>>> print(open('start_6.cif').read())   # mmCIF, C-alpha atoms
data_work
loop_
_atom_site.group_PDB
_atom_site.id
_atom_site.type_symbol
_atom_site.label_atom_id
_atom_site.label_comp_id
_atom_site.auth_asym_id
_atom_site.auth_seq_id
_atom_site.Cartn_x
_atom_site.Cartn_y
_atom_site.Cartn_z
ATOM 1 C CA MET A 7 -24.937 -3.608 -11.776
ATOM 2 C CA ILE A 8 -21.602 -3.029 -13.521
ATOM 3 C CA ARG A 9 -20.653 -5.927 -15.794
ATOM 4 C CA ALA A 10 -16.890 -6.216 -16.009
ATOM 5 C CA ALA A 11 -14.124 -8.016 -17.837
ATOM 6 C CA ILE A 12 -11.075 -9.053 -15.816
ATOM 7 C CA VAL A 13 -7.985 -8.663 -17.990
ATOM 8 C CA GLY A 14 -5.260 -10.953 -16.667
ATOM 9 C CA LEU A 15 -6.272 -14.158 -14.896
ATOM 10 C CA GLY A 16 -3.171 -14.796 -12.812
ATOM 11 C CA TRP A 17 -3.018 -14.839 -9.010
ATOM 12 C CA TRP A 18 -4.621 -11.450 -8.442
ATOM 13 C CA GLY A 19 -7.121 -11.625 -11.290
ATOM 14 C CA GLN A 20 -8.435 -14.855 -9.793
ATOM 15 C CA THR A 21 -8.495 -13.243 -6.342
ATOM 16 C CA ILE A 22 -10.634 -10.385 -7.659
ATOM 17 C CA ALA A 23 -13.013 -12.781 -9.427
ATOM 18 C CA SER A 24 -13.497 -14.696 -6.174
ATOM 19 C CA ASN A 25 -14.012 -11.510 -4.155
ATOM 20 C CA LEU A 26 -16.724 -10.289 -6.531
ATOM 21 C CA ALA A 27 -18.581 -13.575 -6.887
ATOM 22 C CA ALA A 28 -21.454 -12.399 -4.680
ATOM 23 C CA SER A 29 -21.244 -8.648 -5.299
ATOM 24 C CA GLU A 30 -24.461 -6.792 -6.042
ATOM 25 C CA VAL A 31 -22.557 -3.804 -7.450
ATOM 26 C CA ILE A 32 -19.978 -5.155 -9.897
ATOM 27 C CA ARG A 33 -19.992 -8.604 -11.479
ATOM 28 C CA PRO A 34 -17.143 -10.066 -13.581
ATOM 29 C CA VAL A 35 -18.561 -11.929 -16.571
ATOM 30 C CA LEU A 36 -15.556 -12.177 -18.902
ATOM 31 C CA GLY A 37 -11.962 -13.172 -18.277
ATOM 32 C CA ILE A 38 -9.143 -12.249 -20.674
ATOM 33 C CA ASP A 39 -5.762 -13.969 -20.717
ATOM 34 C CA PRO A 40 -3.430 -15.065 -23.537
ATOM 35 C CA LEU A 41 -2.562 -18.313 -21.708
ATOM 36 C CA GLU A 42 -4.960 -21.232 -21.952
ATOM 37 C CA PRO A 43 -4.236 -22.570 -18.425
ATOM 38 C CA MET A 44 -5.188 -19.172 -16.986
ATOM 39 C CA ARG A 45 -8.361 -19.077 -19.068
ATOM 40 C CA ALA A 46 -9.233 -22.514 -17.703
ATOM 41 C CA LYS A 47 -8.942 -21.144 -14.172
ATOM 42 C CA GLY A 48 -11.164 -18.235 -15.130
ATOM 43 C CA ALA A 49 -13.742 -20.620 -16.576
ATOM 44 C CA ALA A 50 -13.669 -22.608 -13.333
ATOM 45 C CA LEU A 51 -14.670 -19.387 -11.559
ATOM 46 C CA GLY A 52 -17.709 -19.037 -13.840
ATOM 47 C CA LEU A 53 -16.314 -16.571 -16.375
ATOM 48 C CA GLU A 54 -16.575 -16.605 -20.120
ATOM 49 C CA THR A 55 -13.029 -16.371 -21.434
ATOM 50 C CA SER A 56 -11.030 -14.992 -24.335
ATOM 51 C CA GLY A 57 -7.389 -14.571 -25.217
ATOM 52 C CA HIS A 58 -7.539 -10.989 -26.493
ATOM 53 C CA PHE A 59 -7.987 -7.663 -24.692
ATOM 54 C CA GLU A 60 -9.797 -6.212 -27.707
ATOM 55 C CA ASP A 61 -12.608 -8.743 -27.257
ATOM 56 C CA ALA A 62 -13.636 -7.033 -24.015
ATOM 57 C CA LEU A 63 -13.937 -3.695 -25.796
ATOM 58 C CA ALA A 64 -15.917 -5.182 -28.677
ATOM 59 C CA ARG A 65 -18.735 -6.471 -26.461
ATOM 60 C CA SER A 66 -21.640 -4.109 -25.862
ATOM 61 C CA ASP A 67 -22.514 -5.800 -22.556
ATOM 62 C CA ILE A 68 -19.174 -4.959 -20.884
ATOM 63 C CA ASP A 69 -19.329 -1.751 -18.852
ATOM 64 C CA ALA A 70 -15.865 -1.831 -17.289
ATOM 65 C CA VAL A 71 -12.480 -3.506 -17.460
ATOM 66 C CA ILE A 72 -10.436 -4.576 -14.459
ATOM 67 C CA LEU A 73 -6.755 -4.560 -15.415
ATOM 68 C CA CYS A 74 -4.589 -7.193 -13.722
ATOM 69 C CA THR A 75 -1.925 -7.069 -16.411
ATOM 70 C CA PRO A 76 1.818 -6.306 -16.298
ATOM 71 C CA GLN A 77 2.318 -2.678 -15.365
ATOM 72 C CA ASP A 78 4.026 -1.622 -18.593
ATOM 73 C CA ARG A 79 0.744 -2.292 -20.449
ATOM 74 C CA HIS A 80 -1.510 -0.253 -18.188
ATOM 75 C CA ALA A 81 -1.245 3.132 -19.890
ATOM 76 C CA ALA A 82 -2.164 1.878 -23.380
ATOM 77 C CA GLN A 83 -4.934 -0.351 -22.031
ATOM 78 C CA ILE A 84 -6.446 2.472 -19.962
ATOM 79 C CA GLU A 85 -6.421 4.781 -22.978
ATOM 80 C CA ALA A 86 -8.010 2.149 -25.251
ATOM 81 C CA ALA A 87 -10.680 1.245 -22.706
ATOM 82 C CA ALA A 88 -11.544 4.884 -22.015
ATOM 83 C CA LYS A 89 -11.756 5.639 -25.726
ATOM 84 C CA SER A 90 -14.278 2.792 -26.054
ATOM 85 C CA GLY A 91 -16.380 4.288 -23.250
ATOM 86 C CA ARG A 92 -15.497 1.722 -20.586
ATOM 87 C CA HIS A 93 -14.845 2.471 -16.945
ATOM 88 C CA VAL A 94 -11.401 1.273 -15.807
ATOM 89 C CA PHE A 95 -10.225 -0.286 -12.570
ATOM 90 C CA CYS A 96 -6.461 -0.746 -12.711
ATOM 91 C CA GLU A 97 -4.228 -2.730 -10.414
ATOM 92 C CA LYS A 98 -1.248 -0.885 -8.984
ATOM 93 C CA PRO A 99 0.871 0.776 -10.118
ATOM 94 C CA LEU A 100 -1.434 2.788 -12.343
ATOM 95 C CA CYS A 101 1.462 3.420 -14.755
ATOM 96 C CA THR A 102 5.248 3.295 -14.643
ATOM 97 C CA THR A 103 5.950 6.948 -15.517
ATOM 98 C CA GLY A 104 4.317 10.246 -14.699
ATOM 99 C CA ALA A 105 4.002 11.055 -18.397
ATOM 100 C CA ASP A 106 2.091 7.830 -19.043
ATOM 101 C CA ALA A 107 -0.156 8.468 -16.037
ATOM 102 C CA GLU A 108 -0.941 11.983 -17.270
ATOM 103 C CA ARG A 109 -1.999 10.631 -20.669
ATOM 104 C CA ALA A 110 -4.069 7.831 -19.120
ATOM 105 C CA ILE A 111 -5.881 10.193 -16.760
ATOM 106 C CA ALA A 112 -6.450 12.672 -19.585
ATOM 107 C CA ALA A 113 -8.109 9.884 -21.608
ATOM 108 C CA ILE A 114 -10.320 9.008 -18.636
ATOM 109 C CA ARG A 115 -11.388 12.622 -18.201
ATOM 110 C CA LYS A 116 -12.040 13.126 -21.912
ATOM 111 C CA ALA A 117 -14.274 10.046 -22.017
ATOM 112 C CA ASN A 118 -15.970 10.994 -18.725
ATOM 113 C CA VAL A 119 -15.582 7.484 -17.340
ATOM 114 C CA GLN A 120 -14.611 6.291 -13.876
ATOM 115 C CA LEU A 121 -11.068 5.319 -12.896
ATOM 116 C CA GLY A 122 -10.300 3.089 -9.913
ATOM 117 C CA ILE A 123 -6.971 1.878 -8.525
ATOM 118 C CA GLY A 124 -6.030 -1.297 -6.659
ATOM 119 C CA HIS A 125 -5.076 0.313 -3.356
ATOM 120 C CA GLU A 126 -7.402 -1.735 -1.187
ATOM 121 C CA ARG A 127 -5.441 -0.999 1.980
ATOM 122 C CA ARG A 128 -7.260 2.342 2.178
ATOM 123 C CA PHE A 129 -10.452 0.354 2.717
ATOM 124 C CA GLU A 130 -9.281 -1.620 5.735
ATOM 125 C CA PRO A 131 -11.336 -0.632 8.807
ATOM 126 C CA ALA A 132 -8.310 0.124 10.990
ATOM 127 C CA VAL A 133 -6.790 2.384 8.316
ATOM 128 C CA ILE A 134 -10.114 4.208 7.924
ATOM 129 C CA GLU A 135 -10.203 4.663 11.715
ATOM 130 C CA LEU A 136 -6.617 5.967 11.804
ATOM 131 C CA ARG A 137 -7.330 8.541 9.115
ATOM 132 C CA LYS A 138 -10.533 9.694 10.837
ATOM 133 C CA ARG A 139 -8.868 10.097 14.243
ATOM 134 C CA PHE A 140 -5.976 11.975 12.654
ATOM 135 C CA ALA A 141 -8.375 14.298 10.788
ATOM 136 C CA ASP A 142 -10.236 14.921 14.062
ATOM 137 C CA GLY A 143 -6.988 16.055 15.693
ATOM 138 C CA GLU A 144 -6.518 13.197 18.141
ATOM 139 C CA PHE A 145 -2.824 12.702 17.296
ATOM 140 C CA GLY A 146 -1.961 16.387 16.907
ATOM 141 C CA ASN A 147 0.446 17.340 14.135
ATOM 142 C CA ALA A 148 1.734 14.438 12.040
ATOM 143 C CA LEU A 149 5.439 13.815 12.576
ATOM 144 C CA VAL A 150 6.391 10.481 10.986
ATOM 145 C CA LEU A 151 4.602 7.628 9.224
ATOM 146 C CA GLU A 152 6.198 4.176 9.487
ATOM 147 C CA GLY A 153 5.195 1.241 7.326
ATOM 148 C CA ASN A 154 6.245 -2.307 6.497
ATOM 149 C CA PHE A 155 4.559 -4.581 3.951
ATOM 150 C CA SER A 156 6.645 -7.701 3.386
ATOM 151 C CA GLN A 157 5.923 -11.208 2.093
ATOM 152 C CA ASP A 158 7.583 -14.248 0.517
ATOM 153 C CA LYS A 159 4.877 -15.181 -2.021
ATOM 154 C CA PHE A 160 7.200 -14.694 -5.004
ATOM 155 C CA LEU A 161 9.981 -17.071 -3.937
ATOM 156 C CA ASN A 162 8.471 -19.908 -5.970
ATOM 157 C CA LEU A 163 7.888 -17.901 -9.136
ATOM 158 C CA PRO A 164 9.806 -19.050 -12.221
ATOM 159 C CA PRO A 165 12.756 -16.764 -13.068
ATOM 160 C CA ASP A 166 11.114 -15.664 -16.335
ATOM 161 C CA ASN A 167 8.006 -14.263 -14.586
ATOM 162 C CA TRP A 168 7.602 -10.548 -15.395
ATOM 163 C CA ARG A 169 7.486 -9.706 -11.683
ATOM 164 C CA LEU A 170 11.150 -10.789 -11.436
ATOM 165 C CA SER A 171 12.313 -9.028 -14.574
ATOM 166 C CA ASN A 172 14.958 -6.383 -14.064
ATOM 167 C CA THR A 173 13.810 -4.800 -17.332
ATOM 168 C CA ASP A 174 10.017 -4.885 -16.949
ATOM 169 C CA ASN A 175 9.977 -4.396 -13.172
ATOM 170 C CA PRO A 176 13.332 -2.996 -12.009
ATOM 171 C CA VAL A 177 12.444 -2.602 -8.300
ATOM 172 C CA ALA A 178 10.463 -5.717 -7.406
ATOM 173 C CA PRO A 179 9.457 -4.886 -3.809
ATOM 174 C CA LEU A 180 8.098 -1.496 -4.867
ATOM 175 C CA SER A 181 5.488 -2.709 -7.342
ATOM 176 C CA ALA A 182 4.635 -5.778 -5.242
ATOM 177 C CA THR A 183 3.951 -4.222 -1.837
ATOM 178 C CA GLY A 184 5.803 -0.956 -1.302
ATOM 179 C CA ILE A 185 3.490 0.965 -3.618
ATOM 180 C CA HIS A 186 0.608 0.386 -1.172
ATOM 181 C CA LEU A 187 2.601 2.085 1.578
ATOM 182 C CA VAL A 188 3.443 4.959 -0.748
ATOM 183 C CA ASP A 189 -0.271 5.403 -1.437
ATOM 184 C CA LEU A 190 -1.164 5.391 2.267
ATOM 185 C CA SER A 191 1.602 7.910 2.935
ATOM 186 C CA ILE A 192 0.200 10.261 0.297
ATOM 187 C CA GLY A 193 -3.352 9.775 1.553
ATOM 188 C CA ILE A 194 -2.319 10.672 5.112
ATOM 189 C CA LEU A 195 0.600 13.110 4.773
ATOM 190 C CA GLY A 196 -0.109 14.845 1.465
ATOM 191 C CA LYS A 197 2.236 15.873 -1.330
ATOM 192 C CA PRO A 198 5.670 14.175 -1.515
ATOM 193 C CA THR A 199 8.663 16.213 -2.621
ATOM 194 C CA HIS A 200 11.788 14.004 -2.325
ATOM 195 C CA VAL A 201 12.669 10.327 -1.895
ATOM 196 C CA TRP A 202 15.689 8.257 -0.975
ATOM 197 C CA ALA A 203 15.613 4.509 -1.605
ATOM 198 C CA ARG A 204 17.998 1.603 -1.124
ATOM 199 C CA LEU A 205 17.485 -1.708 -2.936
ATOM 200 C CA ALA A 206 19.353 -4.980 -2.407
ATOM 201 C CA THR A 207 19.070 -8.693 -3.138
ATOM 202 C CA LEU A 208 19.818 -10.373 0.174
ATOM 203 C CA GLY A 209 17.522 -13.372 0.554
ATOM 204 C CA SER A 210 16.580 -14.666 -2.895
ATOM 205 C CA HIS A 211 17.648 -15.159 -6.513
ATOM 206 C CA PHE A 212 15.663 -12.110 -7.716
ATOM 207 C CA ALA A 213 17.482 -10.071 -10.341
ATOM 208 C CA ASN A 214 15.424 -6.993 -9.439
ATOM 209 C CA GLY A 215 15.912 -6.981 -5.673
ATOM 210 C CA ASP A 216 14.127 -8.370 -2.650
ATOM 211 C CA THR A 217 14.760 -5.761 0.060
ATOM 212 C CA LEU A 218 13.707 -2.119 -0.288
ATOM 213 C CA SER A 219 13.845 0.744 2.207
ATOM 214 C CA ILE A 220 12.326 4.113 1.323
ATOM 215 C CA THR A 221 12.365 7.529 2.953
ATOM 216 C CA ILE A 222 9.876 10.086 1.602
ATOM 217 C CA GLY A 223 9.865 13.769 2.487
ATOM 218 C CA PHE A 224 6.603 15.678 2.196
ATOM 219 C CA GLU A 225 5.746 19.282 1.454
ATOM 220 C CA ASN A 226 4.614 19.795 5.071
ATOM 221 C CA ARG A 227 8.054 18.564 6.294
ATOM 222 C CA THR A 228 6.738 15.241 7.586
ATOM 223 C CA THR A 229 8.530 12.004 6.710
ATOM 224 C CA ALA A 230 7.504 8.454 5.816
ATOM 225 C CA THR A 231 9.901 5.562 6.413
ATOM 226 C CA LEU A 232 8.806 2.456 4.550
ATOM 227 C CA ASN A 233 10.116 -1.092 4.114
ATOM 228 C CA ALA A 234 9.109 -3.749 1.605
ATOM 229 C CA VAL A 235 10.811 -7.166 1.619
ATOM 230 C CA LEU A 236 10.060 -10.143 -0.653
ATOM 231 C CA ALA A 237 12.288 -12.687 1.105
ATOM 232 C CA THR A 238 10.701 -12.941 4.562
ATOM 233 C CA PRO A 239 7.382 -14.309 5.873
ATOM 234 C CA PHE A 240 4.464 -11.903 5.863
ATOM 235 C CA MET A 241 4.618 -8.757 7.946
ATOM 236 C CA GLY A 242 2.222 -5.820 7.729
ATOM 237 C CA ARG A 243 2.504 -2.748 9.923
ATOM 238 C CA LEU A 244 1.474 0.904 9.725
ATOM 239 C CA ALA A 245 2.066 3.524 12.423
ATOM 240 C CA LEU A 246 1.354 7.256 12.507
ATOM 241 C CA LEU A 247 3.269 9.238 15.133
ATOM 242 C CA GLY A 248 1.928 12.662 16.048
ATOM 243 C CA SER A 249 2.637 15.456 18.496
ATOM 244 C CA LYS A 250 -0.145 14.298 20.857
ATOM 245 C CA GLY A 251 -0.114 10.545 20.343
ATOM 246 C CA TRP A 252 0.211 7.681 17.915
ATOM 247 C CA MET A 253 -1.609 4.701 16.433
ATOM 248 C CA GLU A 254 -0.160 1.431 15.163
ATOM 249 C CA ILE A 255 -1.908 -1.184 13.014
ATOM 250 C CA ARG A 256 -0.541 -4.718 12.705
ATOM 251 C CA ASP A 257 -1.951 -7.166 10.162
ATOM 252 C CA ARG A 258 -2.458 -10.718 11.362
ATOM 253 C CA THR A 259 -2.271 -12.146 7.834
ATOM 254 C CA HIS A 260 -1.771 -11.087 4.219
ATOM 255 C CA PRO A 261 -4.578 -8.857 2.833
ATOM 256 C CA GLU A 262 -5.387 -11.572 0.286
ATOM 257 C CA SER A 263 -7.033 -13.549 3.128
ATOM 258 C CA PRO A 264 -7.383 -11.154 6.061
ATOM 259 C CA THR A 265 -7.917 -12.493 9.581
ATOM 260 C CA GLY A 266 -8.025 -9.128 11.315
ATOM 261 C CA TRP A 267 -5.826 -6.384 12.704
ATOM 262 C CA ASP A 268 -4.348 -5.610 16.118
ATOM 263 C CA VAL A 269 -4.392 -1.900 16.884
ATOM 264 C CA THR A 270 -2.706 0.141 19.613
ATOM 265 C CA ARG A 271 -3.480 3.812 20.318
ATOM 266 C CA VAL A 272 -1.559 6.020 22.727
ATOM 267 C CA GLN A 273 -2.331 9.591 23.793
ATOM 268 C CA ARG A 274 -0.064 11.627 26.016
ATOM 269 C CA ASP A 275 -0.609 10.983 29.759
ATOM 270 C CA ARG A 276 -3.088 8.180 29.084
ATOM 271 C CA PRO A 277 -2.583 4.404 29.188
ATOM 272 C CA PRO A 278 -2.370 2.585 25.829
ATOM 273 C CA GLU A 279 -5.600 1.310 24.317
ATOM 274 C CA THR A 280 -5.615 -1.908 22.309
ATOM 275 C CA ALA A 281 -8.298 -3.318 20.047
ATOM 276 C CA TYR A 282 -8.875 -6.173 17.624
ATOM 277 C CA TYR A 283 -10.500 -5.387 14.274
ATOM 278 C CA GLN A 284 -12.407 -8.225 12.634
ATOM 279 C CA PRO A 285 -11.540 -9.484 9.110
ATOM 280 C CA HIS A 286 -13.028 -7.352 6.387
ATOM 281 C CA PRO A 287 -13.190 -7.690 2.551
ATOM 282 C CA ALA A 288 -11.243 -4.534 1.676
ATOM 283 C CA VAL A 289 -10.528 -5.775 -1.878
ATOM 284 C CA ARG A 290 -14.265 -6.043 -2.561
ATOM 285 C CA ASP A 291 -14.967 -2.704 -0.859
ATOM 286 C CA ASN A 292 -12.531 -0.955 -3.184
ATOM 287 C CA LEU A 293 -14.019 -2.487 -6.304
ATOM 288 C CA GLU A 294 -17.579 -1.788 -5.167
ATOM 289 C CA ALA A 295 -16.668 1.844 -4.398
ATOM 290 C CA PHE A 296 -15.410 2.048 -7.988
ATOM 291 C CA GLY A 297 -18.612 0.409 -9.244
ATOM 292 C CA ARG A 298 -20.903 2.738 -7.308
ATOM 293 C CA ALA A 299 -18.993 5.763 -8.613
ATOM 294 C CA ALA A 300 -19.291 4.425 -12.168
ATOM 295 C CA LEU A 301 -23.049 4.104 -11.645
ATOM 296 C CA GLY A 302 -23.245 7.757 -10.601
ATOM 297 C CA GLY A 303 -23.280 7.228 -6.854
ATOM 298 C CA SER A 304 -20.795 8.407 -4.236
ATOM 299 C CA LEU A 305 -17.426 9.779 -5.343
ATOM 300 C CA TYR A 306 -14.530 7.347 -5.551
ATOM 301 C CA PRO A 307 -12.250 8.135 -2.571
ATOM 302 C CA VAL A 308 -8.892 8.128 -4.407
ATOM 303 C CA THR A 309 -8.495 11.266 -6.503
ATOM 304 C CA HIS A 310 -6.778 11.525 -9.867
ATOM 305 C CA GLU A 311 -4.217 13.853 -8.293
ATOM 306 C CA GLU A 312 -3.349 11.261 -5.636
ATOM 307 C CA MET A 313 -3.011 8.586 -8.316
ATOM 308 C CA LEU A 314 -0.687 10.836 -10.297
ATOM 309 C CA MET A 315 1.404 11.711 -7.228
ATOM 310 C CA ASN A 316 1.758 7.998 -6.506
ATOM 311 C CA VAL A 317 3.079 7.268 -9.990
ATOM 312 C CA ARG A 318 5.496 10.202 -9.858
ATOM 313 C CA THR A 319 6.761 8.945 -6.487
ATOM 314 C CA PHE A 320 7.034 5.404 -7.921
ATOM 315 C CA GLU A 321 9.177 6.800 -10.716
ATOM 316 C CA ALA A 322 11.359 8.805 -8.301
ATOM 317 C CA ILE A 323 11.904 5.754 -6.061
ATOM 318 C CA GLN A 324 13.108 3.749 -9.046
ATOM 319 C CA ARG A 325 15.539 6.545 -9.946
ATOM 320 C CA SER A 326 16.801 6.729 -6.367
ATOM 321 C CA ALA A 327 17.269 2.955 -6.116
ATOM 322 C CA ALA A 328 19.435 3.134 -9.242
ATOM 323 C CA SER A 329 21.369 6.310 -8.380
ATOM 324 C CA GLY A 330 21.707 5.863 -4.618
ATOM 325 C CA GLY A 331 20.879 9.536 -4.159
ATOM 326 C CA ILE A 332 17.965 11.702 -3.078
ATOM 327 C CA GLU A 333 15.603 12.262 -5.992
ATOM 328 C CA PRO A 334 12.867 14.894 -6.449
ATOM 329 C CA VAL A 335 9.284 13.793 -7.006
#
>>> encode(input="start_6.cif", output="structure tokens")
Amino acid sequence: MIRAAIVGLGWWGQTIASNLAASEVIRPVLGIDPLEPMRAKGAALGLETSGHFEDALARSDIDAVILCTPQDRHAAQIEAAAKSGRHVFCEKPLCTTGADAERAIAAIRKANVQLGIGHERRFEPAVIELRKRFADGEFGNALVLEGNFSQDKFLNLPPDNWRLSNTDNPVAPLSATGIHLVDLSIGILGKPTHVWARLATLGSHFANGDTLSITIGFENRTTATLNAVLATPFMGRLALLGSKGWMEIRDRTHPESPTGWDVTRVQRDRPPETAYYQPHPAVRDNLEAFGRAALGGSLYPVTHEEMLMNVRTFEAIQRSAASGGIEPV
């Protein structure tokens, strides 16, 4: 069993604590947050609590830290945790710049500890099925990946929340939801080379945008077209179009509380096939995959290189949203 400290007890830190309450692989025992009301919520979930990140690293009974902190702190926290010999699971994005990500990953490798990343959408059964069928050749050559991950959960946040800061988080839809689609694109299509992004504020008061459209070009000449909106009710969709057929996945509800997925598959000269995939705890699956890897079991399925490519693409998208032009990854 991996004993972990959750660092950051806001919305997602609490979600992770709840998801791991019955896990036999990784168990949160300590919650870290500078705000007393957040610590109270952590205590209500059965955690010991503290206000200081360093307290997690000072305890000999903590094997890993789970970072649910603002993204500009990730690099330094990963380096400190790795130096102390702790495994690190970090919420997305891993870091805000490629240079920071390189240093963080170098620290992980030097300490020979495990690194995990909060891209739980890879662990959804329908996504796993899509990737397997694509690898088996069912869809032929990949042509285009389409994705949409939109929600309106942030409309009630106070204006001073870091998620709405144009300084700390200059492209809000990217770090909130779009980054998951970027990760899936990399996992399916490979190495990105160029991006074009357009950001606008059209349905909210957000200083850092609520509507983002992204086009990513890949080394193999495929393309991903992605949308992330923070001013509309939830929508989740992923579709891979290939030279022999395609597959589309539609989420019924937000991944925080999944109620299943509706899937359509089409192969040339065959009628469409539809299926319903039952709800599944992808958040827990991701964390337990990290925990098993930390314990010396199966390899964690997101590689360091994929994590680094994601951060470099994140950085390029931010540049493109600011410049309005095509930016290299």
>>> closest_residue(input="start_6.cif", among="A:Gly297, A:Gly143, A:Pro99, A:Pro164", to="Val188 in chain A", atoms="only C-alpha atoms")
A:Pro99
>>> closest_residue(input="start_6.cif", among="A:Ala148, A:Ala11, A:Ile123, A:Ala87", to="Cys101 in chain A", atoms="all atoms listed in the file")
A:Ile123
>>> resolve_selection(input="start_6.cif", expression="the PyMOL selection byres ((chain A and resi 39) around 6)", output="list in words")
Gly14, Leu15, Ile38, Pro40, Leu41, Arg45 and Gly57 of chain A
>>> atom_distance(input="start_6.cif", atom1="CA of Lys159 in chain A", atom2="CA of Asp189 in chain A")
21.2 Å
>>> resolve_selection(input="start_6.cif", expression="the PyMOL selection byres ((chain A and resi 249-251) around 12)", output="ChimeraX atom specification")
/A:136,139-140,143-150,228,245-248,252-254,270-279
>>> build_atoms(input="start_6.cif", residues="range 166-185 of chain A", atoms="N, CA and C atoms", output="PDB file, in the coordinates of the input")
ATOM      1  N   ASP A 166      11.535 -16.463 -15.185  1.00  0.00           N
ATOM      2  CA  ASP A 166      11.114 -15.664 -16.335  1.00  0.00           C
ATOM      3  C   ASP A 166       9.787 -14.928 -16.095  1.00  0.00           C
ATOM      4  N   ASN A 167       9.225 -15.010 -14.886  1.00  0.00           N
ATOM      5  CA  ASN A 167       8.006 -14.263 -14.586  1.00  0.00           C
ATOM      6  C   ASN A 167       8.295 -12.760 -14.639  1.00  0.00           C
ATOM      7  N   TRP A 168       7.369 -11.980 -15.204  1.00  0.00           N
ATOM      8  CA  TRP A 168       7.602 -10.548 -15.395  1.00  0.00           C
ATOM      9  C   TRP A 168       7.855  -9.833 -14.080  1.00  0.00           C
ATOM     10  N   ARG A 169       7.297 -10.363 -12.981  1.00  0.00           N
ATOM     11  CA  ARG A 169       7.486  -9.706 -11.683  1.00  0.00           C
ATOM     12  C   ARG A 169       8.950  -9.734 -11.244  1.00  0.00           C
ATOM     13  N   LEU A 170       9.747 -10.654 -11.809  1.00  0.00           N
ATOM     14  CA  LEU A 170      11.150 -10.789 -11.436  1.00  0.00           C
ATOM     15  C   LEU A 170      12.089 -10.251 -12.507  1.00  0.00           C
ATOM     16  N   SER A 171      11.522  -9.548 -13.475  1.00  0.00           N
ATOM     17  CA  SER A 171      12.313  -9.028 -14.574  1.00  0.00           C
ATOM     18  C   SER A 171      12.959  -7.693 -14.209  1.00  0.00           C
ATOM     19  N   ASN A 172      14.262  -7.633 -14.352  1.00  0.00           N
ATOM     20  CA  ASN A 172      14.958  -6.383 -14.064  1.00  0.00           C
ATOM     21  C   ASN A 172      14.695  -5.322 -15.123  1.00  0.00           C
ATOM     22  N   THR A 173      14.160  -5.741 -16.261  1.00  0.00           N
ATOM     23  CA  THR A 173      13.810  -4.800 -17.332  1.00  0.00           C
ATOM     24  C   THR A 173      12.380  -4.312 -17.182  1.00  0.00           C
ATOM     25  N   ASP A 174      11.435  -5.246 -17.024  1.00  0.00           N
ATOM     26  CA  ASP A 174      10.017  -4.885 -16.949  1.00  0.00           C
ATOM     27  C   ASP A 174       9.615  -4.361 -15.577  1.00  0.00           C
ATOM     28  N   ASN A 175      10.372  -4.725 -14.544  1.00  0.00           N
ATOM     29  CA  ASN A 175       9.977  -4.396 -13.172  1.00  0.00           C
ATOM     30  C   ASN A 175      11.244  -4.201 -12.337  1.00  0.00           C
ATOM     31  N   PRO A 176      11.970  -3.104 -12.546  1.00  0.00           N
ATOM     32  CA  PRO A 176      13.332  -2.996 -12.009  1.00  0.00           C
ATOM     33  C   PRO A 176      13.461  -2.922 -10.495  1.00  0.00           C
ATOM     34  N   VAL A 177      12.385  -2.634  -9.764  1.00  0.00           N
ATOM     35  CA  VAL A 177      12.444  -2.602  -8.300  1.00  0.00           C
ATOM     36  C   VAL A 177      11.293  -3.462  -7.783  1.00  0.00           C
ATOM     37  N   ALA A 178      11.539  -4.763  -7.678  1.00  0.00           N
ATOM     38  CA  ALA A 178      10.463  -5.717  -7.406  1.00  0.00           C
ATOM     39  C   ALA A 178       9.644  -5.410  -6.161  1.00  0.00           C
ATOM     40  N   PRO A 179      10.273  -5.108  -5.001  1.00  0.00           N
ATOM     41  CA  PRO A 179       9.457  -4.886  -3.809  1.00  0.00           C
ATOM     42  C   PRO A 179       8.551  -3.661  -3.898  1.00  0.00           C
ATOM     43  N   LEU A 180       8.898  -2.710  -4.741  1.00  0.00           N
ATOM     44  CA  LEU A 180       8.098  -1.496  -4.867  1.00  0.00           C
ATOM     45  C   LEU A 180       6.751  -1.791  -5.498  1.00  0.00           C
ATOM     46  N   SER A 181       6.747  -2.439  -6.664  1.00  0.00           N
ATOM     47  CA  SER A 181       5.488  -2.709  -7.342  1.00  0.00           C
ATOM     48  C   SER A 181       4.676  -3.782  -6.633  1.00  0.00           C
ATOM     49  N   ALA A 182       5.345  -4.684  -5.907  1.00  0.00           N
ATOM     50  CA  ALA A 182       4.635  -5.778  -5.242  1.00  0.00           C
ATOM     51  C   ALA A 182       3.881  -5.303  -4.017  1.00  0.00           C
ATOM     52  N   THR A 183       4.563  -4.607  -3.107  1.00  0.00           N
ATOM     53  CA  THR A 183       3.951  -4.222  -1.837  1.00  0.00           C
ATOM     54  C   THR A 183       4.235  -2.776  -1.437  1.00  0.00           C
ATOM     55  N   GLY A 184       5.434  -2.288  -1.742  1.00  0.00           N
ATOM     56  CA  GLY A 184       5.803  -0.956  -1.302  1.00  0.00           C
ATOM     57  C   GLY A 184       4.896   0.130  -1.822  1.00  0.00           C
ATOM     58  N   ILE A 185       4.339  -0.054  -3.015  1.00  0.00           N
ATOM     59  CA  ILE A 185       3.490   0.965  -3.618  1.00  0.00           C
ATOM     60  C   ILE A 185       2.244   1.221  -2.783  1.00  0.00           C
TER      61      ILE A 185
END
